[in-house]
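**Q** Input structure_37.cif, format and content: mmCIF, C-alpha atoms (C1' of nucleotides) and all ligand atoms.
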data_start
loop_
_atom_site.label_atom_id
_atom_site.label_comp_id
_atom_site.auth_asym_id
_atom_site.auth_seq_id
_atom_site.Cartn_x
_atom_site.Cartn_y
_atom_site.Cartn_z
CA MET A 484 -16.88 4.87 14.21
CA ASN A 485 -19.65 2.60 15.36
CA GLN A 486 -20.64 3.76 18.81
CA HIS A 487 -23.07 6.21 17.28
CA ALA A 488 -25.78 4.41 19.21
CA ASN A 489 -26.96 2.91 15.95
CA GLN A 490 -28.11 -0.61 15.20
CA LYS A 491 -25.42 -3.27 15.47
CA PRO A 492 -25.64 -5.21 12.19
CA ASP A 493 -26.03 -8.96 12.63
CA TYR A 494 -23.21 -10.27 10.51
CA GLU A 495 -23.47 -13.75 11.95
CA ARG A 496 -26.94 -14.06 10.50
CA GLU A 497 -25.76 -12.64 7.21
CA MET A 498 -22.85 -15.06 7.08
CA ARG A 499 -25.05 -18.02 7.82
CA ARG A 500 -27.32 -16.96 4.99
CA ALA A 501 -24.30 -16.74 2.67
CA GLY A 502 -23.33 -20.29 3.57
CA VAL A 503 -20.27 -19.09 5.41
CA ARG A 504 -19.38 -20.88 8.60
CA ILE A 505 -19.41 -19.10 11.92
CA THR A 506 -16.13 -20.18 13.38
CA ARG A 507 -14.54 -19.31 16.67
CA PRO A 508 -11.91 -17.04 15.10
CA ARG A 509 -14.51 -15.24 13.06
CA LYS A 510 -16.74 -14.68 16.07
CA ILE A 511 -13.83 -13.21 17.98
CA ILE A 512 -12.71 -10.92 15.17
CA LEU A 513 -16.25 -9.72 14.62
CA GLN A 514 -16.53 -8.97 18.31
CA ILE A 515 -13.28 -7.01 18.26
CA LEU A 516 -14.37 -4.95 15.30
CA GLY A 517 -17.73 -4.29 16.87
CA ASP A 518 -16.24 -3.18 20.15
CA THR A 519 -13.72 -0.71 18.81
CA ASP A 520 -13.90 2.89 17.88
CA ASP A 521 -10.62 3.13 16.05
CA HIS A 522 -9.10 1.89 12.80
CA PRO A 523 -6.89 -1.06 13.77
CA ASP A 524 -4.58 -2.85 11.38
CA ALA A 525 -4.35 -6.62 10.98
CA MET A 526 -1.58 -6.92 13.51
CA GLU A 527 -3.53 -5.01 16.13
CA ILE A 528 -6.59 -7.13 15.49
CA PHE A 529 -4.43 -10.21 15.70
CA GLN A 530 -3.06 -9.14 19.07
CA ARG A 531 -6.45 -8.31 20.49
CA ALA A 532 -7.74 -11.63 19.20
CA SER A 533 -4.78 -13.51 20.64
CA ALA A 534 -5.64 -12.16 24.06
CA ILE A 535 -9.00 -13.89 23.78
CA ASP A 536 -7.86 -17.06 22.02
CA SER A 537 -4.15 -17.50 21.68
CA SER A 538 -4.52 -20.12 18.96
CA ILE A 539 -5.73 -17.64 16.36
CA SER A 540 -3.27 -17.01 13.54
CA LEU A 541 -2.44 -13.86 11.65
CA SER A 542 -3.35 -15.62 8.42
CA THR A 543 -6.85 -16.13 9.68
CA VAL A 544 -7.10 -12.50 10.59
CA TYR A 545 -6.13 -11.54 7.05
CA ARG A 546 -8.46 -14.10 5.53
CA THR A 547 -11.31 -12.95 7.71
CA MET A 548 -10.73 -9.30 6.88
CA LYS A 549 -10.90 -10.17 3.22
CA LEU A 550 -14.08 -12.15 3.73
CA LEU A 551 -15.72 -9.36 5.69
CA GLU A 552 -14.62 -6.80 3.16
CA GLY A 553 -16.17 -8.88 0.41
CA MET A 554 -19.41 -8.99 2.41
CA GLY A 555 -19.29 -5.25 2.77
CA ALA A 556 -19.06 -5.61 6.53
CA ILE A 557 -15.85 -3.67 6.84
CA HIS A 558 -13.88 -1.02 5.00
CA ARG A 559 -10.18 -1.29 4.30
CA HIS A 560 -8.12 1.89 4.36
CA ALA A 561 -4.64 2.35 2.93
CA PHE A 562 -3.55 5.42 4.82
CA ASP A 563 0.01 6.62 4.33
CA GLY A 564 2.54 4.26 5.79
CA GLY A 565 2.72 0.54 6.25
CA ARG A 566 -0.29 -1.55 7.00
CA ALA A 567 -3.90 -1.43 5.90
CA ARG A 568 -6.37 -0.39 8.58
CA PHE A 569 -9.91 -1.57 9.00
CA GLU A 570 -13.18 -0.42 10.43
CA GLN A 571 -16.65 -1.83 10.68
CA ALA A 572 -18.79 -0.61 7.81
CA SER A 573 -21.84 0.28 9.87
CA GLY A 574 -22.77 3.94 9.92
CA GLU A 575 -22.70 6.47 7.13
CA HIS A 576 -19.93 7.36 4.76
CA HIS A 577 -17.20 9.56 6.09
CA ASP A 578 -13.69 10.63 5.25
CA HIS A 579 -10.64 10.85 7.47
CA LEU A 580 -8.30 13.38 8.97
CA ILE A 581 -5.07 11.75 10.11
CA ASP A 582 -2.89 13.34 12.78
CA ILE A 583 0.56 12.66 11.34
CA ASP A 584 2.20 13.08 14.73
CA THR A 585 0.03 10.77 16.79
CA GLY A 586 -1.55 8.58 14.14
CA ASP A 587 -4.98 9.48 15.48
CA VAL A 588 -7.80 9.33 12.97
CA ILE A 589 -10.69 11.77 13.07
CA GLU A 590 -13.74 11.17 10.95
CA PHE A 591 -15.63 13.88 9.15
CA HIS A 592 -18.22 14.29 6.48
CA SER A 593 -18.89 17.13 4.09
CA THR A 594 -22.02 17.00 2.00
CA LYS A 595 -20.63 19.88 -0.02
CA ILE A 596 -17.41 18.10 -0.86
CA GLU A 597 -19.26 14.93 -1.76
CA ALA A 598 -21.50 16.88 -4.12
CA LEU A 599 -18.57 18.66 -5.73
CA GLN A 600 -16.82 15.37 -6.32
CA GLU A 601 -19.87 14.00 -8.07
CA GLU A 602 -20.08 17.10 -10.19
CA ILE A 603 -16.44 16.87 -11.22
CA ALA A 604 -16.72 13.21 -12.17
CA ARG A 605 -19.90 13.80 -14.11
CA GLU A 606 -18.36 16.61 -16.09
CA LEU A 607 -15.51 14.33 -17.02
CA GLY A 608 -17.92 11.63 -18.12
CA TYR A 609 -17.47 9.30 -15.18
CA ASP A 610 -19.41 7.76 -12.31
CA ILE A 611 -17.62 7.54 -8.98
CA MET A 612 -17.45 3.97 -7.71
CA HIS A 613 -15.64 4.91 -4.56
CA HIS A 614 -13.34 7.64 -3.44
CA ARG A 615 -10.79 8.51 -0.87
CA LEU A 616 -10.27 11.81 0.87
CA GLU A 617 -7.60 11.94 3.51
CA LEU A 618 -6.29 15.03 5.26
CA TYR A 619 -2.86 14.56 6.81
CA CYS A 620 -2.59 17.15 9.54
CA ARG A 621 -0.78 18.60 12.51
CA LYS A 622 -2.48 20.13 15.53
CA ARG A 623 -2.64 23.87 14.99
CA ARG A 624 -0.02 25.77 16.96
CA LYS A 625 -1.44 28.28 19.40
CA GLY A 626 -1.83 31.85 18.21
CA MET B 13 0.84 16.75 -16.02
CA ASN B 14 3.77 18.78 -17.24
CA GLN B 15 3.12 19.56 -20.87
CA HIS B 16 1.12 22.59 -19.87
CA ALA B 17 3.57 24.63 -21.90
CA ASN B 18 5.06 25.86 -18.65
CA GLN B 19 8.67 26.32 -17.70
CA LYS B 20 10.65 23.12 -17.45
CA PRO B 21 12.33 23.27 -14.03
CA ASP B 22 16.07 22.82 -14.15
CA TYR B 23 16.61 20.01 -11.69
CA GLU B 24 20.15 19.40 -12.85
CA ARG B 25 21.09 22.85 -11.68
CA GLU B 26 19.26 22.36 -8.43
CA MET B 27 20.97 19.03 -7.87
CA ARG B 28 24.38 20.49 -8.55
CA ARG B 29 23.66 23.22 -6.04
CA ALA B 30 22.65 20.58 -3.49
CA GLY B 31 25.96 18.82 -4.00
CA VAL B 32 24.28 15.87 -5.64
CA ARG B 33 26.04 14.31 -8.59
CA ILE B 34 24.49 14.36 -12.02
CA THR B 35 24.95 10.80 -13.08
CA ARG B 36 23.99 9.09 -16.28
CA PRO B 37 21.10 7.13 -14.68
CA ARG B 38 19.78 10.29 -13.07
CA LYS B 39 19.90 12.22 -16.28
CA ILE B 40 17.96 9.51 -18.04
CA ILE B 41 15.32 9.19 -15.35
CA LEU B 42 14.88 12.94 -15.22
CA GLN B 43 14.45 12.99 -18.97
CA ILE B 44 11.83 10.24 -18.80
CA LEU B 45 9.87 12.06 -16.12
CA GLY B 46 10.07 15.30 -18.04
CA ASP B 47 8.87 13.74 -21.26
CA THR B 48 5.86 11.94 -19.93
CA ASP B 49 2.31 12.98 -19.31
CA ASP B 50 1.25 10.01 -17.24
CA HIS B 51 1.93 8.61 -13.78
CA PRO B 52 4.37 5.74 -14.29
CA ASP B 53 5.45 3.36 -11.55
CA ALA B 54 9.04 2.41 -10.79
CA MET B 55 8.91 -0.62 -13.03
CA GLU B 56 7.64 1.39 -15.98
CA ILE B 57 10.32 4.01 -15.44
CA PHE B 58 12.88 1.23 -15.18
CA GLN B 59 11.76 -0.24 -18.48
CA ARG B 60 11.77 3.09 -20.28
CA ALA B 61 15.20 3.80 -18.84
CA SER B 62 16.48 0.37 -19.82
CA ALA B 63 15.57 1.11 -23.41
CA ILE B 64 17.97 4.05 -23.29
CA ASP B 65 20.70 2.48 -21.17
CA SER B 66 20.30 -1.20 -20.46
CA SER B 67 22.75 -1.09 -17.57
CA ILE B 68 20.43 0.89 -15.32
CA SER B 69 19.10 -1.06 -12.35
CA LEU B 70 15.74 -1.01 -10.68
CA SER B 71 17.44 -0.16 -7.40
CA THR B 72 18.76 3.01 -8.93
CA VAL B 73 15.32 3.91 -10.16
CA TYR B 74 13.97 3.53 -6.65
CA ARG B 75 16.86 5.42 -5.13
CA THR B 76 16.49 8.20 -7.64
CA MET B 77 12.77 8.48 -7.08
CA LYS B 78 13.41 8.84 -3.38
CA LEU B 79 16.06 11.47 -4.00
CA LEU B 80 13.81 13.44 -6.33
CA GLU B 81 10.92 13.15 -3.93
CA GLY B 82 13.11 14.54 -1.17
CA MET B 83 14.05 17.44 -3.40
CA GLY B 84 10.40 18.08 -4.08
CA ALA B 85 10.95 17.38 -7.76
CA ILE B 86 8.38 14.63 -7.96
CA HIS B 87 5.27 13.46 -6.18
CA ARG B 88 4.67 9.89 -5.14
CA HIS B 89 1.13 8.54 -5.28
CA ALA B 90 -0.17 5.39 -3.62
CA PHE B 91 -3.26 4.79 -5.69
CA ASP B 92 -5.23 1.61 -5.05
CA GLY B 93 -3.37 -1.49 -6.04
CA GLY B 94 0.23 -2.49 -6.12
CA ARG B 95 2.95 -0.07 -6.93
CA ALA B 96 3.56 3.59 -6.16
CA ARG B 97 3.25 5.92 -9.12
CA PHE B 98 5.20 9.08 -9.75
CA GLU B 99 4.90 12.35 -11.56
CA GLN B 100 7.03 15.40 -12.00
CA ALA B 101 6.12 18.03 -9.43
CA SER B 102 6.06 20.97 -11.80
CA GLY B 103 2.72 22.67 -12.21
CA GLU B 104 0.05 23.41 -9.66
CA HIS B 105 -1.59 21.13 -7.14
CA HIS B 106 -4.22 18.81 -8.46
CA ASP B 107 -6.09 15.70 -7.45
CA HIS B 108 -6.81 12.56 -9.42
CA LEU B 109 -9.65 10.66 -10.97
CA ILE B 110 -8.68 7.06 -11.67
CA ASP B 111 -10.49 5.00 -14.29
CA ILE B 112 -10.71 1.65 -12.51
CA ASP B 113 -11.19 -0.22 -15.79
CA THR B 114 -8.30 1.20 -17.77
CA GLY B 115 -6.04 2.57 -15.05
CA ASP B 116 -6.08 5.95 -16.75
CA VAL B 117 -5.53 8.91 -14.48
CA ILE B 118 -7.25 12.23 -15.07
CA GLU B 119 -6.18 15.29 -13.15
CA PHE B 120 -8.54 17.89 -11.79
CA HIS B 121 -8.56 20.76 -9.38
CA SER B 122 -11.37 22.25 -7.35
CA THR B 123 -10.73 25.47 -5.52
CA LYS B 124 -13.98 24.93 -3.68
CA ILE B 125 -13.03 21.50 -2.41
CA GLU B 126 -9.61 22.73 -1.37
CA ALA B 127 -11.20 25.54 0.61
CA LEU B 128 -13.71 23.23 2.25
CA GLN B 129 -10.93 20.90 3.31
CA GLU B 130 -9.09 23.75 4.94
CA GLU B 131 -12.22 24.80 6.71
CA ILE B 132 -12.87 21.33 8.04
CA ALA B 133 -9.34 20.91 9.33
CA ARG B 134 -9.37 24.33 10.95
CA GLU B 135 -12.62 23.61 12.76
CA LEU B 136 -11.09 20.45 14.14
CA GLY B 137 -8.02 22.35 15.31
CA TYR B 138 -5.62 21.12 12.66
CA ASP B 139 -3.47 22.38 9.81
CA ILE B 140 -3.37 20.29 6.67
CA MET B 141 0.17 19.26 5.78
CA HIS B 142 -0.88 17.38 2.71
CA HIS B 143 -3.95 15.60 1.49
CA ARG B 144 -5.17 13.05 -0.91
CA LEU B 145 -8.33 13.07 -2.95
CA GLU B 146 -8.83 10.22 -5.37
CA LEU B 147 -11.99 9.42 -7.29
CA TYR B 148 -12.15 5.83 -8.49
CA CYS B 149 -14.50 5.85 -11.43
CA ARG B 150 -16.08 4.08 -14.37
CA LYS B 151 -16.95 5.74 -17.65
CA ARG B 152 -20.60 6.77 -17.50
CA ARG B 153 -22.88 4.44 -19.45
CA LYS B 154 -24.75 6.11 -22.28
CA GLY B 155 -28.25 7.40 -21.55
"C1'" DT C 835 45.26 13.07 -14.85
"C1'" DT C 836 44.67 11.93 -10.16
"C1'" DC C 837 41.99 11.44 -6.08
"C1'" DT C 838 38.09 11.20 -3.02
"C1'" DT C 839 33.81 9.81 -2.25
"C1'" DA C 840 29.11 9.56 -3.91
"C1'" DA C 841 26.51 6.51 -6.72
"C1'" DT C 842 25.86 2.17 -8.87
"C1'" DG C 843 24.51 -2.89 -9.79
"C1'" DC C 844 23.73 -6.96 -7.72
"C1'" DA C 845 21.84 -10.00 -4.57
"C1'" DA C 846 20.02 -10.56 -0.35
"C1'" DA C 847 16.84 -8.60 3.18
"C1'" DC C 848 12.58 -6.47 4.17
"C1'" DG C 849 7.56 -5.92 5.76
"C1'" DA C 850 2.92 -6.68 4.54
"C1'" DT C 851 0.02 -9.89 2.71
"C1'" DT C 852 -1.17 -14.27 0.40
"C1'" DT C 853 -1.13 -19.13 -0.37
"C1'" DG C 854 -0.42 -24.53 -0.40
"C1'" DC C 855 -1.30 -28.11 2.36
"C1'" DA C 856 -2.30 -31.30 5.93
"C1'" DA C 857 -4.94 -31.21 10.14
"C1'" DT C 858 -9.14 -29.55 12.28
"C1'" DT C 859 -13.86 -28.33 12.94
"C1'" DG C 860 -18.56 -26.45 11.79
"C1'" DC C 861 -22.66 -28.20 10.85
"C1'" DA C 862 -25.95 -30.80 7.99
"C1'" DT C 863 -27.11 -35.44 8.21
"C1'" DT C 864 -28.45 -39.59 10.25
"C1'" DA D 295 -25.42 -38.20 20.13
"C1'" DA D 296 -22.55 -40.14 16.43
"C1'" DT D 297 -21.12 -39.61 11.39
"C1'" DG D 298 -19.23 -37.53 7.26
"C1'" DC D 299 -17.43 -34.14 4.46
"C1'" DA D 300 -16.40 -29.72 2.82
"C1'" DA D 301 -15.04 -25.32 4.71
"C1'" DT D 302 -11.69 -23.36 7.63
"C1'" DT D 303 -7.61 -23.29 10.15
"C1'" DG D 304 -2.47 -22.86 11.54
"C1'" DC D 305 1.84 -23.14 9.88
"C1'" DA D 306 5.48 -22.33 6.86
"C1'" DA D 307 6.80 -20.97 2.64
"C1'" DA D 308 5.88 -17.86 -1.19
"C1'" DT D 309 4.87 -13.31 -3.18
"C1'" DC D 310 5.25 -8.49 -4.19
"C1'" DG D 311 7.00 -3.96 -3.91
"C1'" DT D 312 10.68 -1.70 -2.00
"C1'" DT D 313 15.02 -1.15 0.59
"C1'" DT D 314 19.74 -2.10 1.82
"C1'" DG D 315 24.81 -3.94 2.38
"C1'" DC D 316 28.72 -4.22 -0.08
"C1'" DA D 317 32.25 -4.35 -3.46
"C1'" DT D 318 32.94 -1.81 -7.76
"C1'" DT D 319 32.52 2.21 -10.75
"C1'" DA D 320 32.62 6.82 -12.03
"C1'" DA D 321 31.41 12.04 -11.02
"C1'" DG D 322 33.82 16.04 -10.73
"C1'" DA D 323 37.09 18.86 -7.74
"C1'" DA D 324 41.87 19.63 -7.57
MN MN E 1 -13.54 5.70 9.70
MN MN E 2 -0.98 14.09 -11.39
ZN ZN E 3 -16.25 11.14 1.14
ZN ZN E 4 -6.33 18.71 -3.62
#
Can the structure in the file be given as structure tokens, please?

**A**
Amino acid sequence: MNQHANQKPDYEREMRRAGVRITRPRKIILQILGDTDDHPDAMEIFQRASAIDSSISLSTVYRTMKLLEGMGAIHRHAFDGGRARFEQASGEHHDHLIDIDTGDVIEFHSTKIEALQEEIARELGYDIMHHRLELYCRKRRKG
Amino acid sequence: MNQHANQKPDYEREMRRAGVRITRPRKIILQILGDTDDHPDAMEIFQRASAIDSSISLSTVYRTMKLLEGMGAIHRHAFDGGRARFEQASGEHHDHLIDIDTGDVIEFHSTKIEALQEEIARELGYDIMHHRLELYCRKRRKG
DNA sequence: TTCTTAATGCAAACGATTTGCAATTGCATT
DNA sequence: AATGCAATTGCAAATCGTTTGCATTAAGAA
């Protein structure tokens, strides 16, 4: 989620600094990612981008996602099912609850769980580089 | 893990009861899954099976994995990277720590984390159907 | 042993993602 | 503003893991 009224990171500046060109497709994709609250997949991003500039190709979407991921600007998620889904990396770490009926994604964060994970890894002699916690759920039935 | 000196579930009996035929390929794959401690992917299972009966096909491995998954006899994991990995479903629930350098998988279980997950889902109005907790780690450097 | 039908091997199809390549374009340079 | 060149693009073809159609084989009930 990125509408947390927090600072919008200036990726264009960062890209320029990295010697990466600011192209029309990249501007559009960046804008799409910045404007959304959800976790769209490449095809969804492609469609939203096509609405703005119909000449954009799916390949470019994929290439741009990879570029942005490498820059740390976005996170890639491999939730159950087909395609990878993306989200802007601004904001703090969080994990995801996925509604398996609607596909909705709800974000949450548990300091306690994060600490327990660290503890477990440490006891096993490891450092966590990254982790993934996904809760696949159904809306609770009344009563 | 299944070598926990616990009862070896009799899937052949269960399959017979379900009206599913006990074929030579299925016997072999079941034996492979029962004998291993790790989380092999379809290709690895195919290779181990081929060593026993070279006529087995990869398609049959995939079909059998799907059948066994449907029976609840195995779990399918989609760890980072290419192929799905499988493990016999005997034993209690556990989550995984993946050594990103070696690919090794270490199993762990945290009653506390499990409880916290439940609590989080409940507060959001959901019931957890299944979940996924994976810690991608590196061996801790000395000192 | 016979018979019916589920299960198999094979090759082709699949869906998501990546890649080779020729054409385009950002942008640093005049 | 015009130039030059490497980075980026669109397109089509390739890749990878997995699934599927179909003719053939083989469980296992009778
Ligand atoms: Mn998120
Ligand atoms: Mn396991
Ligand atoms: Zn987390
Ligand atoms: Zn768990």

**Q** Taking only C-alpha atoms (C1' of nucleotides) and all ligand atoms into account, which residues are within 7 Å of ligand MN 1 (chain E), as a list in words?

**A**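 Checking only C-alpha atoms (C1' of nucleotides) and all ligand atoms against ligand MN 1 (chain E) at 7 Å gives Met484, His522, Glu570, His577, Asp578, His579 and Glu590 of chain A.
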
**Q** Using all atoms listed in the file, which residues sit within 12 Å of B:Leu136 once same-chain residues fewer than 2 positions away are excluded, as a ChimeraX atom specification?

**A** /A:579-582,588-591,618,620-623 /B:129-134,138-140

**Q** Only residues of chain A matter here; which ones have an atom within 9 Å of chain C, counting only C-alpha atoms (C1' of nucleotides)? Give them as a PyMOL selection string.

**A** chain A and resi 504-506+542+545-546+565-567

**Q** Within 12 Å of ligand ZN 3 (chain E), which residues of chain B come that close, and what is the closest atom pair and distance in Å for each? Count all atoms listed in the file and give it as JSON lines.

**A**
{"residue": "B:Ile125", "atom": "CA", "partner": "E:ZN3", "partner_atom": "ZN", "distance": 11.4}
{"residue": "B:Gln129", "atom": "CA", "partner": "E:ZN3", "partner_atom": "ZN", "distance": 11.3}
{"residue": "B:Arg144", "atom": "CA", "partner": "E:ZN3", "partner_atom": "ZN", "distance": 11.4}
{"residue": "B:Leu145", "atom": "CA", "partner": "E:ZN3", "partner_atom": "ZN", "distance": 9.1}
{"residue": "B:Glu146", "atom": "CA", "partner": "E:ZN3", "partner_atom": "ZN", "distance": 9.9}
{"residue": "B:Leu147", "atom": "CA", "partner": "E:ZN3", "partner_atom": "ZN", "distance": 9.6}
{"residue": "B:Tyr148", "atom": "CA", "partner": "E:ZN3", "partner_atom": "ZN", "distance": 11.7}

**Q** Any idea which chain D residues end up within 8 Å of chain A if we count all atoms listed in the file, as a list of chain:residue names please?

**A**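 Selected residues: D:DA301, D:DT302, D:DT303, D:DG304.
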
**Q** How many Å separate atom CA of B:Glu135 from atom CA of A:Asp587?

**A**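 The value is 16.3 Å.
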
**Q** Could you tell me how far atom CA of A:Asp520 lies from atom CA of A:Met612, in Å and to one decimal?

**A**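 Here the two named atoms are 25.9 Å from each other.
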
**Q** Can you measure atom CA of A:Phe529 to atom CA of A:Ile512 for me? One decimal in Å is fine.

**A**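 Result for atom CA of A:Phe529 versus atom CA of A:Ile512: 8.3 Å, one decimal.
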
**Q** Could the centre and edge lengths of an axis-aligned box, enclosing all atoms of stretch 836-847 of chain C in the file with 6 Å extra on each side, be given in Å to one decimal as AutoDock Vina command-line options?

**A**
--center_x 30.8 --center_y 0.7 --center_z -3.5 --size_x 39.8 --size_y 34.5 --size_z 25.3

**Q** Let me make sure I understand: among B:Gly103, B:Gly93, B:Gly46, B:Gly115, which one has the smallest atom-to-atom distance to ligand MN 2 (chain E) if we use all atoms listed in the file?

**A** B:Gly103

**Q** Which one of B:Ile40, B:Asp47, B:Lys78, B:Ser66 sits closest to D:DT312 if you count only C-alpha atoms (C1' of nucleotides)?

**A** B:Lys78

**Q** Since the input lacks some atoms of stretch 577-585 of chain A, please model all heavy atoms and print them as a compact mmCIF listing (two decimals), in the coordinates of the input.

**A**
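Wrote result_7.txt, looks like this:
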# COMPACT_ATOMS: atom_id res chain seq x y z
N HIS A 577 -17.96 8.44 5.53
CA HIS A 577 -17.20 9.56 6.09
C HIS A 577 -15.79 9.50 5.53
O HIS A 577 -15.36 8.49 5.00
CB HIS A 577 -17.19 9.50 7.62
CG HIS A 577 -16.61 8.23 8.16
ND1 HIS A 577 -17.39 7.21 8.66
CD2 HIS A 577 -15.34 7.81 8.25
CE1 HIS A 577 -16.61 6.22 9.04
NE2 HIS A 577 -15.35 6.56 8.80
N ASP A 578 -15.08 10.60 5.68
CA ASP A 578 -13.69 10.63 5.25
C ASP A 578 -12.83 10.81 6.50
O ASP A 578 -13.36 10.86 7.61
CB ASP A 578 -13.51 11.74 4.22
CG ASP A 578 -14.28 11.42 2.94
OD1 ASP A 578 -13.92 10.44 2.28
OD2 ASP A 578 -15.26 12.13 2.64
N HIS A 579 -11.52 10.89 6.31
CA HIS A 579 -10.64 10.85 7.47
C HIS A 579 -9.59 11.96 7.51
O HIS A 579 -9.01 12.31 6.50
CB HIS A 579 -9.93 9.50 7.54
CG HIS A 579 -10.87 8.34 7.66
ND1 HIS A 579 -11.35 7.66 6.57
CD2 HIS A 579 -11.46 7.79 8.75
CE1 HIS A 579 -12.18 6.71 6.98
NE2 HIS A 579 -12.27 6.76 8.30
N LEU A 580 -9.38 12.45 8.71
CA LEU A 580 -8.30 13.38 8.97
C LEU A 580 -7.32 12.61 9.83
O LEU A 580 -7.68 12.06 10.88
CB LEU A 580 -8.85 14.61 9.73
CG LEU A 580 -7.86 15.74 10.07
CD1 LEU A 580 -8.63 17.05 10.27
CD2 LEU A 580 -7.07 15.42 11.33
N ILE A 581 -6.08 12.52 9.39
CA ILE A 581 -5.07 11.75 10.11
C ILE A 581 -4.06 12.69 10.77
O ILE A 581 -3.48 13.54 10.10
CB ILE A 581 -4.34 10.78 9.17
CG1 ILE A 581 -5.31 9.74 8.61
CG2 ILE A 581 -3.21 10.06 9.91
CD1 ILE A 581 -5.87 10.06 7.25
N ASP A 582 -3.90 12.55 12.06
CA ASP A 582 -2.89 13.34 12.78
C ASP A 582 -1.54 12.67 12.52
O ASP A 582 -1.28 11.56 13.02
CB ASP A 582 -3.22 13.34 14.28
CG ASP A 582 -2.26 14.22 15.07
OD1 ASP A 582 -1.04 14.20 14.79
OD2 ASP A 582 -2.73 14.93 15.98
N ILE A 583 -0.69 13.32 11.73
CA ILE A 583 0.56 12.66 11.34
C ILE A 583 1.55 12.52 12.49
O ILE A 583 2.51 11.79 12.37
CB ILE A 583 1.23 13.38 10.15
CG1 ILE A 583 1.53 14.83 10.46
CG2 ILE A 583 0.38 13.28 8.92
CD1 ILE A 583 2.12 15.58 9.28
N ASP A 584 1.30 13.22 13.59
CA ASP A 584 2.20 13.08 14.73
C ASP A 584 1.78 11.93 15.64
O ASP A 584 2.62 11.18 16.12
CB ASP A 584 2.23 14.38 15.54
CG ASP A 584 2.84 15.53 14.75
OD1 ASP A 584 3.90 15.31 14.14
OD2 ASP A 584 2.26 16.62 14.72
N THR A 585 0.50 11.79 15.86
CA THR A 585 0.03 10.77 16.79
C THR A 585 -0.55 9.54 16.10
O THR A 585 -0.70 8.49 16.72
CB THR A 585 -1.09 11.35 17.68
OG1 THR A 585 -2.23 11.62 16.85
CG2 THR A 585 -0.63 12.64 18.33
